[in-house]
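With mmCIF, C-alpha atoms, pLDDT in the B column; chains and numbers go by the auth columns inside, this is query-v9.cif:
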data_start
loop_
_atom_site.group_PDB
_atom_site.id
_atom_site.type_symbol
_atom_site.label_atom_id
_atom_site.label_comp_id
_atom_site.label_asym_id
_atom_site.label_seq_id
_atom_site.Cartn_x
_atom_site.Cartn_y
_atom_site.Cartn_z
_atom_site.B_iso_or_equiv
_atom_site.auth_seq_id
_atom_site.auth_asym_id
ATOM 1 C CA PRO A 1 24.992 0.185 -30.749 55.00 1 Z
ATOM 2 C CA THR A 2 26.353 -3.095 -29.485 63.00 2 Z
ATOM 3 C CA GLY A 3 26.983 -4.631 -26.074 63.00 3 Z
ATOM 4 C CA ARG A 4 25.032 -4.305 -22.855 66.00 4 Z
ATOM 5 C CA GLY A 5 21.845 -2.261 -23.067 68.00 5 Z
ATOM 6 C CA ALA A 6 21.982 -1.985 -26.863 71.00 6 Z
ATOM 7 C CA ALA A 7 18.360 -3.072 -27.365 73.00 7 Z
ATOM 8 C CA ALA A 8 17.082 -0.521 -24.851 72.00 8 Z
ATOM 9 C CA GLN A 9 19.159 2.222 -26.446 73.00 9 Z
ATOM 10 C CA ILE A 10 17.811 1.392 -29.908 74.00 10 Z
ATOM 11 C CA LYS A 11 14.216 1.521 -28.585 73.00 11 Z
ATOM 12 C CA ARG A 12 14.864 4.920 -26.982 75.00 12 Z
ATOM 13 C CA GLU A 13 16.290 6.257 -30.242 75.00 13 Z
ATOM 14 C CA GLU A 14 13.296 4.980 -32.200 75.00 14 Z
ATOM 15 C CA LYS A 15 10.904 6.562 -29.701 74.00 15 Z
ATOM 16 C CA SER A 16 12.668 9.900 -29.899 72.00 16 Z
ATOM 17 C CA LYS A 17 12.477 9.815 -33.721 70.00 17 Z
ATOM 18 C CA LYS A 18 8.713 9.118 -33.577 68.00 18 Z
ATOM 19 C CA SER A 19 8.062 11.898 -31.069 65.00 19 Z
ATOM 20 C CA GLY A 20 9.782 14.543 -33.140 62.00 20 Z
ATOM 21 C CA GLY A 21 13.280 14.190 -31.801 53.00 21 Z
ATOM 22 C CA SER A 22 12.765 15.902 -28.469 50.00 22 Z
ATOM 23 C CA LYS A 23 14.379 14.097 -25.542 50.00 23 Z
ATOM 24 C CA GLY A 24 11.381 14.605 -23.273 48.00 24 Z
ATOM 25 C CA GLY A 25 8.930 12.538 -25.332 45.00 25 Z
ATOM 26 C CA LYS A 26 5.506 14.085 -25.996 46.00 26 Z
ATOM 27 C CA LYS A 27 5.279 17.844 -26.256 47.00 27 Z
ATOM 28 C CA GLY A 28 2.949 19.523 -23.784 47.00 28 Z
ATOM 29 C CA GLY A 29 1.915 16.214 -22.274 46.00 29 Z
ATOM 30 C CA LYS A 30 0.634 15.567 -18.784 49.00 30 Z
ATOM 31 C CA GLY A 31 2.675 17.250 -16.097 48.00 31 Z
ATOM 32 C CA THR A 32 4.344 19.906 -18.231 47.00 32 Z
ATOM 33 C CA ALA A 33 3.699 23.611 -18.374 49.00 33 Z
ATOM 34 C CA ALA A 34 3.623 25.738 -21.544 50.00 34 Z
ATOM 35 C CA GLY A 35 7.199 26.829 -20.905 49.00 35 Z
ATOM 36 C CA GLY A 36 8.406 23.228 -20.647 50.00 36 Z
ATOM 37 C CA GLY A 37 8.723 23.168 -16.831 53.00 37 Z
ATOM 38 C CA VAL A 38 7.155 20.462 -14.714 58.00 38 Z
ATOM 39 C CA ILE A 39 3.976 21.350 -12.845 57.00 39 Z
ATOM 40 C CA SER A 40 4.309 20.302 -9.219 64.00 40 Z
ATOM 41 C CA LYS A 41 1.314 19.342 -7.126 64.00 41 Z
ATOM 42 C CA SER A 42 0.889 20.698 -3.643 69.00 42 Z
ATOM 43 C CA LYS A 43 1.320 18.266 -0.759 64.00 43 Z
ATOM 44 C CA ARG A 44 -2.408 18.458 -0.107 67.00 44 Z
ATOM 45 C CA ASP A 45 -3.198 17.416 -3.708 67.00 45 Z
ATOM 46 C CA GLN A 46 -0.667 14.580 -3.550 62.00 46 Z
ATOM 47 C CA ARG A 47 -2.172 13.270 -0.312 60.00 47 Z
ATOM 48 C CA LYS A 48 -5.697 13.591 -1.748 62.00 48 Z
ATOM 49 C CA ASP A 49 -4.659 11.579 -4.834 63.00 49 Z
ATOM 50 C CA ALA A 50 -3.033 8.974 -2.595 58.00 50 Z
ATOM 51 C CA MET A 51 -6.218 8.568 -0.543 65.00 51 Z
ATOM 52 C CA THR A 52 -8.226 7.448 -3.591 71.00 52 Z
ATOM 53 C CA ASN A 53 -6.312 4.151 -3.470 77.00 53 Z
ATOM 54 C CA VAL A 54 -6.680 3.661 0.286 82.00 54 Z
ATOM 55 C CA ARG A 55 -9.538 1.975 2.146 84.00 55 Z
ATOM 56 C CA THR A 56 -10.240 3.134 5.723 86.00 56 Z
ATOM 57 C CA TYR A 57 -11.564 1.073 8.637 86.00 57 Z
ATOM 58 C CA ALA A 58 -12.141 1.757 12.334 85.00 58 Z
ATOM 59 C CA ALA A 59 -10.296 -0.268 14.979 86.00 59 Z
ATOM 60 C CA PRO A 60 -12.182 -1.391 18.133 87.00 60 Z
ATOM 61 C CA SER A 61 -10.915 1.663 20.043 88.00 61 Z
ATOM 62 C CA GLY A 62 -11.986 4.013 17.228 87.00 62 Z
ATOM 63 C CA ARG A 63 -8.491 4.523 15.813 88.00 63 Z
ATOM 64 C CA VAL A 64 -8.151 4.698 12.029 88.00 64 Z
ATOM 65 C CA VAL A 65 -6.774 1.716 10.092 88.00 65 Z
ATOM 66 C CA MET A 66 -5.739 2.434 6.486 88.00 66 Z
ATOM 67 C CA VAL A 67 -5.370 -0.307 3.875 88.00 67 Z
ATOM 68 C CA GLY A 68 -3.820 0.082 0.413 86.00 68 Z
ATOM 69 C CA ARG A 69 -6.179 -1.020 -2.391 83.00 69 Z
ATOM 70 C CA ASN A 70 -3.451 -1.540 -5.004 86.00 70 Z
ATOM 71 C CA SER A 71 0.257 -0.843 -5.626 81.00 71 Z
ATOM 72 C CA LYS A 72 -0.262 2.930 -5.638 84.00 72 Z
ATOM 73 C CA GLY A 73 -2.295 2.753 -2.441 83.00 73 Z
ATOM 74 C CA ASN A 74 0.300 0.509 -0.807 84.00 74 Z
ATOM 75 C CA GLU A 75 3.040 2.965 -1.671 81.00 75 Z
ATOM 76 C CA ALA A 76 0.968 5.868 -0.346 80.00 76 Z
ATOM 77 C CA VAL A 77 0.161 4.059 2.918 79.00 77 Z
ATOM 78 C CA SER A 78 3.761 2.978 3.485 79.00 78 Z
ATOM 79 C CA LEU A 79 5.745 5.998 2.335 82.00 79 Z
ATOM 80 C CA GLN A 80 3.474 9.072 2.419 79.00 80 Z
ATOM 81 C CA ILE A 81 0.723 8.574 4.990 80.00 81 Z
ATOM 82 C CA GLY A 82 2.430 6.506 7.687 79.00 82 Z
ATOM 83 C CA ALA A 83 4.152 8.483 10.432 83.00 83 Z
ATOM 84 C CA ASP A 84 6.914 7.230 12.736 84.00 84 Z
ATOM 85 C CA HIS A 85 4.523 6.723 15.659 86.00 85 Z
ATOM 86 C CA ASP A 86 2.038 4.593 13.624 87.00 86 Z
ATOM 87 C CA VAL A 87 2.208 0.802 13.201 89.00 87 Z
ATOM 88 C CA TRP A 88 2.688 -0.769 9.742 89.00 88 Z
ATOM 89 C CA PHE A 89 1.477 -4.304 8.848 91.00 89 Z
ATOM 90 C CA HIS A 90 1.919 -6.694 5.910 89.00 90 Z
ATOM 91 C CA VAL A 91 1.332 -10.413 5.464 89.00 91 Z
ATOM 92 C CA ARG A 92 4.574 -12.449 5.429 88.00 92 Z
ATOM 93 C CA GLY A 93 5.769 -14.177 2.284 84.00 93 Z
ATOM 94 C CA ALA A 94 2.903 -13.284 -0.053 86.00 94 Z
ATOM 95 C CA PRO A 95 1.489 -10.310 -1.967 86.00 95 Z
ATOM 96 C CA GLY A 96 -0.963 -8.227 -0.033 88.00 96 Z
ATOM 97 C CA ALA A 97 -2.068 -4.838 1.173 87.00 97 Z
ATOM 98 C CA HIS A 98 0.055 -2.534 3.296 89.00 98 Z
ATOM 99 C CA VAL A 99 -1.852 -1.561 6.443 90.00 99 Z
ATOM 100 C CA ILE A 100 -1.296 1.352 8.831 90.00 100 Z
ATOM 101 C CA LEU A 101 -2.771 1.628 12.324 90.00 101 Z
ATOM 102 C CA ARG A 102 -2.811 5.363 13.024 88.00 102 Z
ATOM 103 C CA LEU A 103 -1.681 6.458 16.493 87.00 103 Z
ATOM 104 C CA GLN A 104 -1.037 9.769 18.206 88.00 104 Z
ATOM 105 C CA PRO A 105 2.589 10.547 19.150 88.00 105 Z
ATOM 106 C CA GLY A 106 3.518 8.823 22.414 86.00 106 Z
ATOM 107 C CA GLU A 107 0.504 6.528 22.269 86.00 107 Z
ATOM 108 C CA THR A 108 0.745 2.728 22.203 87.00 108 Z
ATOM 109 C CA ALA A 109 -1.695 0.464 20.407 85.00 109 Z
ATOM 110 C CA SER A 110 -3.917 -1.923 22.342 88.00 110 Z
ATOM 111 C CA ASP A 111 -3.765 -5.651 21.632 88.00 111 Z
ATOM 112 C CA GLU A 112 -7.306 -5.503 20.184 90.00 112 Z
ATOM 113 C CA ASP A 113 -6.317 -2.766 17.703 89.00 113 Z
ATOM 114 C CA MET A 114 -3.161 -4.654 16.723 89.00 114 Z
ATOM 115 C CA LYS A 115 -5.191 -7.818 16.145 90.00 115 Z
ATOM 116 C CA CYS A 116 -7.755 -5.896 14.085 89.00 116 Z
ATOM 117 C CA ALA A 117 -5.053 -4.418 11.819 89.00 117 Z
ATOM 118 C CA ALA A 118 -3.298 -7.806 11.458 88.00 118 Z
ATOM 119 C CA ASP A 119 -6.619 -9.444 10.523 88.00 119 Z
ATOM 120 C CA LEU A 120 -7.181 -6.772 7.852 88.00 120 Z
ATOM 121 C CA ALA A 121 -3.669 -7.298 6.457 87.00 121 Z
ATOM 122 C CA ALA A 122 -4.349 -11.048 6.301 87.00 122 Z
ATOM 123 C CA PHE A 123 -7.753 -10.537 4.667 86.00 123 Z
ATOM 124 C CA HIS A 124 -6.416 -8.162 1.987 86.00 124 Z
ATOM 125 C CA SER A 125 -3.756 -10.619 0.800 86.00 125 Z
ATOM 126 C CA LYS A 126 -3.308 -13.721 -1.345 86.00 126 Z
ATOM 127 C CA LEU A 127 -3.446 -15.772 1.870 82.00 127 Z
ATOM 128 C CA ARG A 128 -6.977 -14.666 2.751 78.00 128 Z
ATOM 129 C CA THR A 129 -8.300 -18.229 2.539 82.00 129 Z
ATOM 130 C CA GLY A 130 -5.829 -19.444 5.174 74.00 130 Z
ATOM 131 C CA GLY A 131 -7.103 -19.852 8.718 81.00 131 Z
ATOM 132 C CA LYS A 132 -4.024 -18.381 10.409 87.00 132 Z
ATOM 133 C CA VAL A 133 -1.594 -16.083 8.605 86.00 133 Z
ATOM 134 C CA ASN A 134 1.727 -14.657 9.816 88.00 134 Z
ATOM 135 C CA VAL A 135 1.688 -10.868 9.648 89.00 135 Z
ATOM 136 C CA SER A 136 4.809 -8.704 10.002 89.00 136 Z
ATOM 137 C CA TRP A 137 4.542 -5.403 11.821 90.00 137 Z
ATOM 138 C CA THR A 138 6.921 -2.536 12.501 90.00 138 Z
ATOM 139 C CA SER A 139 7.081 1.245 12.630 86.00 139 Z
ATOM 140 C CA PRO A 140 6.754 3.008 9.249 83.00 140 Z
ATOM 141 C CA LYS A 141 10.186 4.570 9.885 85.00 141 Z
ATOM 142 C CA PHE A 142 11.652 1.116 9.189 87.00 142 Z
ATOM 143 C CA VAL A 143 9.800 0.749 5.877 79.00 143 Z
ATOM 144 C CA ARG A 144 11.839 1.820 2.824 82.00 144 Z
ATOM 145 C CA LYS A 145 11.504 1.608 -0.930 82.00 145 Z
ATOM 146 C CA PRO A 146 14.533 -0.108 -2.500 80.00 146 Z
ATOM 147 C CA SER A 147 16.235 1.910 -5.225 85.00 147 Z
ATOM 148 C CA GLY A 148 14.809 0.857 -8.557 81.00 148 Z
ATOM 149 C CA GLY A 149 12.010 -1.077 -6.865 76.00 149 Z
ATOM 150 C CA ARG A 150 8.656 -1.344 -8.619 80.00 150 Z
ATOM 151 C CA LEU A 151 5.544 0.478 -7.442 78.00 151 Z
ATOM 152 C CA GLY A 152 4.463 -0.751 -4.011 71.00 152 Z
ATOM 153 C CA MET A 153 7.699 -2.658 -3.329 75.00 153 Z
ATOM 154 C CA VAL A 154 9.232 -2.000 0.090 78.00 154 Z
ATOM 155 C CA THR A 155 11.796 -3.514 2.429 75.00 155 Z
ATOM 156 C CA ILE A 156 11.374 -3.564 6.199 80.00 156 Z
ATOM 157 C CA ASP A 157 13.708 -3.663 9.169 85.00 157 Z
ATOM 158 C CA LYS A 158 13.072 -4.554 12.809 89.00 158 Z
ATOM 159 C CA GLU A 159 9.946 -6.527 12.017 84.00 159 Z
ATOM 160 C CA ARG A 160 7.962 -8.467 14.559 89.00 160 Z
ATOM 161 C CA VAL A 161 5.446 -11.163 13.707 89.00 161 Z
ATOM 162 C CA MET A 162 1.939 -11.876 14.933 88.00 162 Z
ATOM 163 C CA THR A 163 -0.904 -14.074 13.722 85.00 163 Z
ATOM 164 C CA GLY A 164 -3.759 -12.646 11.702 84.00 164 Z
ATOM 165 C CA ARG A 165 -7.044 -14.402 11.014 83.00 165 Z
ATOM 166 C CA PRO A 166 -8.616 -13.189 7.746 79.00 166 Z
ATOM 167 C CA ASP A 167 -12.052 -14.524 8.691 79.00 167 Z
ATOM 168 C CA ASP A 168 -12.114 -12.468 11.912 77.00 168 Z
ATOM 169 C CA SER A 169 -11.577 -9.140 10.135 76.00 169 Z
ATOM 170 C CA GLU A 170 -14.122 -6.360 9.800 77.00 170 Z
ATOM 171 C CA ALA A 171 -13.737 -6.617 6.006 77.00 171 Z
ATOM 172 C CA ALA A 172 -14.681 -10.319 6.027 75.00 172 Z
ATOM 173 C CA ALA A 173 -17.814 -9.560 8.050 76.00 173 Z
ATOM 174 C CA GLU A 174 -18.702 -6.730 5.663 78.00 174 Z
ATOM 175 C CA GLU A 175 -18.170 -8.987 2.646 79.00 175 Z
ATOM 176 C CA SER A 176 -20.356 -11.759 4.073 74.00 176 Z
ATOM 177 C CA ARG A 177 -23.151 -9.225 4.750 79.00 177 Z
ATOM 178 C CA GLU A 178 -22.914 -7.999 1.133 79.00 178 Z
ATOM 179 C CA ARG A 179 -22.886 -11.549 -0.181 79.00 179 Z
ATOM 180 C CA ALA A 180 -25.979 -12.373 1.898 79.00 180 Z
ATOM 181 C CA ALA A 181 -27.723 -9.311 0.462 79.00 181 Z
ATOM 182 C CA GLY A 182 -26.723 -10.416 -3.065 75.00 182 Z
ATOM 183 C CA LYS A 183 -24.513 -7.402 -3.783 66.00 183 Z
ATOM 184 C CA LYS A 184 -21.149 -9.114 -4.196 58.00 184 Z
ATOM 185 C CA LYS A 185 -19.940 -12.299 -5.815 57.00 185 Z
ATOM 186 C CA PRO A 186 -17.510 -14.586 -3.974 54.00 186 Z
ATOM 187 C CA GLY A 187 -13.825 -13.851 -4.554 54.00 187 Z
ATOM 188 C CA GLY A 188 -11.189 -11.429 -3.481 50.00 188 Z
ATOM 189 C CA GLU A 189 -9.410 -8.265 -4.455 50.00 189 Z
ATOM 190 C CA TRP A 190 -5.925 -9.690 -4.608 48.00 190 Z
#

Write out the structure in this file as structure tokens.
Amino acid sequence: PTGRGAAAQIKREEKSKKSGGSKGGKKGGKGTAAGGGVISKSKRDQRKDAMTNVRTYAAPSGRVVMVGRNSKGNEAVSLQIGADHDVWFHVRGAPGAHVILRLQPGETASDEDMKCAADLAAFHSKLRTGGKVNVSWTSPKFVRKPSGGRLGMVTIDKERVMTGRPDDSEAAAEESRERAAGKKKPGGEW
């Protein structure tokens, strides 16, 4: 093969020769049934798997705030867990966690809850050492995964911006308590 994509095509051909010539790769591998069909997980199992990569906090009013731990968790928070009536947060211009403030339909978030979620988004980001961090927020219905985008990559529409303070977050307080007790070394997740 020559031209565009020739190297990728050669690699695919070599892989298929190594795996016994079948187009599907490994035989009987993860996610396949004995008959060759794909085993599908129930929605409950998918949501349960997604929750393993999500950290949960309580907002001042008692509402649930969910924070993605990694790319899989971010994708779960943004695309599976978040409902249209929730509020989605992410730090502007830097890698960081996707955060959802859970609300009931028709309910609006208080300023304290919004600030709490923005502080968590700022804390769980590369900008956690900054004093003030710009945090974008919108409804999860305006959060989309671009076609061909990598795991955790999203685009947002109709964003609004507020200021988050990483040091004011519940997570920062928790981390300082652990550090004082000698359980955790200084440093961050991201």

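In terms of minimum interatomic distance to Ser110 of chain Z, Z:Arg63 ranks closest within Z:Lys145, Z:Arg63, Z:Arg128, Z:Lys17, counting all atoms listed in the file.
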
Taken to one decimal, the atom CA of Leu101 of chain Z-atom CA of Met66 of chain Z distance is 6.6 Å

Q. Quick one: residues within 7 Å of segment 153-160 of chain Z, all atoms listed in the file counted, chain neighbours fewer than 4 positions away excluded, as a PyMOL selection string?
A. chain Z and resi 136-138+142-146+149

Exercise. Using only C-alpha atoms, determine which residues lie at most 12 Å from Val161 of chain Z, disregarding the query and same-chain residues fewer than 2 positions distant; provide the list as a PyMOL selection string.
Key: chain Z and resi 88-93+114-115+118+133-138+158-159+163-164

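When the PyMOL selection byres ((chain Z and resi 62) around 12) is evaluated against the file, it yields Thr56, Tyr57, Ala58, Ala59, Pro60, Ser61, Arg63, Val64, Val65, Leu101, Arg102, Leu103, Ala109, Ser110, Glu112, Asp113 and Cys116 of chain Z.
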
May I have the residues from that selection written out with C-alpha atoms, as a tab-separated table (two decimals), in the frame of the given file?
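Result file follows (out38.tsv):
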chain	number	residue	atom	x	y	z
Z	56	THR	CA	-10.24	3.13	5.72
Z	57	TYR	CA	-11.56	1.07	8.64
Z	58	ALA	CA	-12.14	1.76	12.33
Z	59	ALA	CA	-10.30	-0.27	14.98
Z	60	PRO	CA	-12.18	-1.39	18.13
Z	61	SER	CA	-10.92	1.66	20.04
Z	63	ARG	CA	-8.49	4.52	15.81
Z	64	VAL	CA	-8.15	4.70	12.03
Z	65	VAL	CA	-6.77	1.72	10.09
Z	101	LEU	CA	-2.77	1.63	12.32
Z	102	ARG	CA	-2.81	5.36	13.02
Z	103	LEU	CA	-1.68	6.46	16.49
Z	109	ALA	CA	-1.70	0.46	20.41
Z	110	SER	CA	-3.92	-1.92	22.34
Z	112	GLU	CA	-7.31	-5.50	20.18
Z	113	ASP	CA	-6.32	-2.77	17.70
Z	116	CYS	CA	-7.76	-5.90	14.08

Given the PyMOL selection byres ((chain Z and resi 105-107) around 9), the residues it picks as JSON, numbers by chain: {"Z": [84, 85, 86, 103, 104, 108, 109]}

Atom CA of Ala121 of chain Z to atom CA of Pro166 of chain Z measures 7.8 Å

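For the atom pair formed by atom CA of Val77 of chain Z and atom CA of Arg165 of chain Z, the distance is 21.4 Å, given to one decimal.
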
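If you measure from each of Z:Leu120, Z:Val67, Z:Val99, Z:Leu151 to Arg55 of chain Z using all atoms listed in the file, the closest one turns out to be Z:Val67.
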